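**Q** Quick one: the structure is below, questions incoming.
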2 protein chains.
Amino acid sequence: MQKLFDHIKKYININENEFQEIASFFETKPVHKKEVFYTPGSTSLKHYFVLEGCVHMYFVNDRGTEQTLQFAIENWWITDCLAFQNNRSSEFFIQAVESSVILQIGYKEQEELLLKFPKMEIYFRNIYQTAYGAAIMRMKYMFSYSKEEIYCRFKEAFPEFINNVPQYLVATYLGLSPEYVSKIRRKSIS
Amino acid sequence: MQKLFDHIKKYININENEFQEIASFFETKPVHKKEVFYTPGSTSLKHYFVLEGCVHMYFVNDRGTEQTLQFAIENWWITDCLAFQNNRSSEFFIQAVESSVILQIGYKEQEELLLKFPKMEIYFRNIYQTAYGAAIMRMKYMFSYSKEEIYCRFKEAFPEFINNVPQYLVATYLGLSPEYVSKIRRKSIS
């Protein structure tokens, strides 16, 4: 769990002993490629931190294709926030894009963790603040550029992210047309 | 500032005296209809809380039209989060849609406030968590429905919001075509 420890230390001062206690609130879960570890309507929605690999949250649209809403690569958090904060089930799927190792924490456990370690509020405030800021920037990209341009611009701006995620998934994440997504998918397979 | 006090009390316990001190970190600012109170590149980016009225954050796209990225009505916060948390200037405009009264707090002041009242971390963690969750839901709407359907669905789901914001602005917020926006604008004027 060293990665979570290092990530938390970017925002707050905690020592090894405190972290051992914090870590006890989490459960490590290896997930294999394509494994859907949360399905819509299930009561087991948790907050997930990616230690290794890549996961995404998606729904199936009217055309029957998967539409990615969020990604998480190493050191990123992912969940359906609105559902999680209301301790409700989500309408979305959460799936491993590749073989991954995740940490998970339930709603009740996260509440307990925050009560016991109030300084973790600082950590989570920063996590959500960054995630919200990034969501607005993604929206800006989606509104600013033509379908062809958006993919290239995004690739230029976030090379690390693009290199860790299959290209056709990035394309659906950016709201590109199914045709454009297929084109990229064919390209990346060939 | 009663509205901010009430809003904070939804998330944490604070008494009147504590709030008086918290309030001293904020500045009240009346803004008139169409007033742009933040322009791109200015160093005075703050975090804004709407006491009355409605404000939005936008950029001007290649076609020269305003594209709304975020709204804030009564009891909502607004800023360019990524820029604010890095204490940098933003590339966006923030403007009053109608006559409004806002509270504003600078980056340094917000940091001081959080140091002095660590429980305000809980408040802001909740604010950002909700904003992030809402941004993901907006994305879901944008990906799920046809241009015509999205506006009606959104109106159904968030009637309070729609009733407080000019319809053509909601349309640009949802990424609808300039033509569709004009149609709604003409309709709402006539």
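The chains in the structure tokens are called A, B, ... from first to last as shown; in each chain the residues are counted from 1, and the ligands are counted from 1 in the order shown.
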At a cut-off of 10 Å, which residues of chain B touch chain A? Count only C-alpha atoms and give the answer as a ChimeraX atom specification.
**A** /B:58-63,67-70,79-85,114,118-140,142-145,172-176
**Q** Please provide as a PDB file with N, CA, C and O atoms, in the first residue's frame all residues within 10 Å of Glu109 of chain B, with the sequence filter that same-chain residues fewer than 3 positions apart are discarded (counting only C-alpha atoms).
**A**
ATOM      1  N   SER B  24     -15.688  36.824   8.386  1.00  0.00           N
ATOM      2  CA  SER B  24     -14.730  37.921   8.214  1.00  0.00           C
ATOM      3  C   SER B  24     -13.706  37.626   7.114  1.00  0.00           C
ATOM      4  O   SER B  24     -12.985  38.529   6.674  1.00  0.00           O
ATOM      5  N   PHE B  25     -13.621  36.378   6.671  1.00  0.00           N
ATOM      6  CA  PHE B  25     -12.695  36.037   5.579  1.00  0.00           C
ATOM      7  C   PHE B  25     -13.288  36.374   4.201  1.00  0.00           C
ATOM      8  O   PHE B  25     -12.606  36.339   3.201  1.00  0.00           O
ATOM      9  N   PHE B  26     -14.581  36.667   4.187  1.00  0.00           N
ATOM     10  CA  PHE B  26     -15.271  36.897   2.919  1.00  0.00           C
ATOM     11  C   PHE B  26     -15.562  38.380   2.688  1.00  0.00           C
ATOM     12  O   PHE B  26     -15.652  39.156   3.640  1.00  0.00           O
ATOM     13  N   LYS B  46     -10.992  34.473  -7.513  1.00  0.00           N
ATOM     14  CA  LYS B  46     -11.408  34.113  -6.162  1.00  0.00           C
ATOM     15  C   LYS B  46     -12.377  32.946  -6.240  1.00  0.00           C
ATOM     16  O   LYS B  46     -12.700  32.451  -7.321  1.00  0.00           O
ATOM     17  N   GLN B 104     -17.017  36.601  -1.892  1.00  0.00           N
ATOM     18  CA  GLN B 104     -15.801  36.103  -2.513  1.00  0.00           C
ATOM     19  C   GLN B 104     -14.704  35.927  -1.480  1.00  0.00           C
ATOM     20  O   GLN B 104     -14.642  36.638  -0.481  1.00  0.00           O
ATOM     21  N   ILE B 105     -13.876  34.912  -1.730  1.00  0.00           N
ATOM     22  CA  ILE B 105     -12.741  34.651  -0.846  1.00  0.00           C
ATOM     23  C   ILE B 105     -11.536  34.316  -1.722  1.00  0.00           C
ATOM     24  O   ILE B 105     -11.666  33.562  -2.699  1.00  0.00           O
ATOM     25  N   GLY B 106     -10.379  34.909  -1.409  1.00  0.00           N
ATOM     26  CA  GLY B 106      -9.165  34.681  -2.192  1.00  0.00           C
ATOM     27  C   GLY B 106      -8.495  33.368  -1.807  1.00  0.00           C
ATOM     28  O   GLY B 106      -8.871  32.729  -0.821  1.00  0.00           O
ATOM     29  N   GLU B 112      -6.042  30.180   4.840  1.00  0.00           N
ATOM     30  CA  GLU B 112      -6.013  30.615   6.250  1.00  0.00           C
ATOM     31  C   GLU B 112      -7.276  30.172   6.991  1.00  0.00           C
ATOM     32  O   GLU B 112      -7.214  29.711   8.131  1.00  0.00           O
ATOM     33  N   LEU B 113      -8.405  30.326   6.317  1.00  0.00           N
ATOM     34  CA  LEU B 113      -9.678  29.917   6.899  1.00  0.00           C
ATOM     35  C   LEU B 113      -9.645  28.426   7.261  1.00  0.00           C
ATOM     36  O   LEU B 113     -10.066  28.024   8.358  1.00  0.00           O
ATOM     37  N   LEU B 114      -9.111  27.620   6.335  1.00  0.00           N
ATOM     38  CA  LEU B 114      -9.070  26.168   6.557  1.00  0.00           C
ATOM     39  C   LEU B 114      -8.097  25.789   7.672  1.00  0.00           C
ATOM     40  O   LEU B 114      -8.332  24.838   8.418  1.00  0.00           O
ATOM     41  N   LEU B 115      -7.024  26.563   7.794  1.00  0.00           N
ATOM     42  CA  LEU B 115      -6.066  26.308   8.888  1.00  0.00           C
ATOM     43  C   LEU B 115      -6.692  26.652  10.233  1.00  0.00           C
ATOM     44  O   LEU B 115      -6.520  25.943  11.225  1.00  0.00           O
TER      45      LEU B 115
END
**Q** Nearest to Tyr48 of chain B among B:Gln95, B:Ser89, B:Thr65, B:Asn13, with distances taken over only C-alpha atoms: which residue is it?
**A**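 When distances to Tyr48 of chain B are compared using only C-alpha atoms, the smallest one comes from B:Gln95.
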**Q** Could you list, as JSON, numbers by chain, every residue within 12 Å of segment 164-167 of chain B, counting only C-alpha atoms and ignoring same-chain residues fewer than 2 positions away?
**A** {"B": [52, 53, 54, 55, 56, 68, 70, 71, 72, 73, 74, 96, 97, 98, 151, 152, 154, 155, 158, 159, 160, 161, 162, 169, 170, 171, 172, 173, 174, 176, 180, 181, 182, 183, 184, 185, 186, 187, 188, 189]}
**Q** Counting only C-alpha atoms, which of A:Phe49, A:Ile8, A:Asn86, A:Tyr168 gets nearest to Lys108 of chain A?
**A**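 Closest residue, counting only C-alpha atoms: A:Asn86.
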**Q** For atom CA of Ile94 of chain A and atom CA of Tyr141 of chain A, quote the distance in Å rounded to one decimal.
**A**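 These atoms are spaced 24.0 Å apart.
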**Q** Could you write out, as a PyMOL selection string, all the residues of segment 51-144 of chain A that DSSP marks as alpha helix (DSSP H)?
**A** chain A and resi 81-85+107-116+120-144
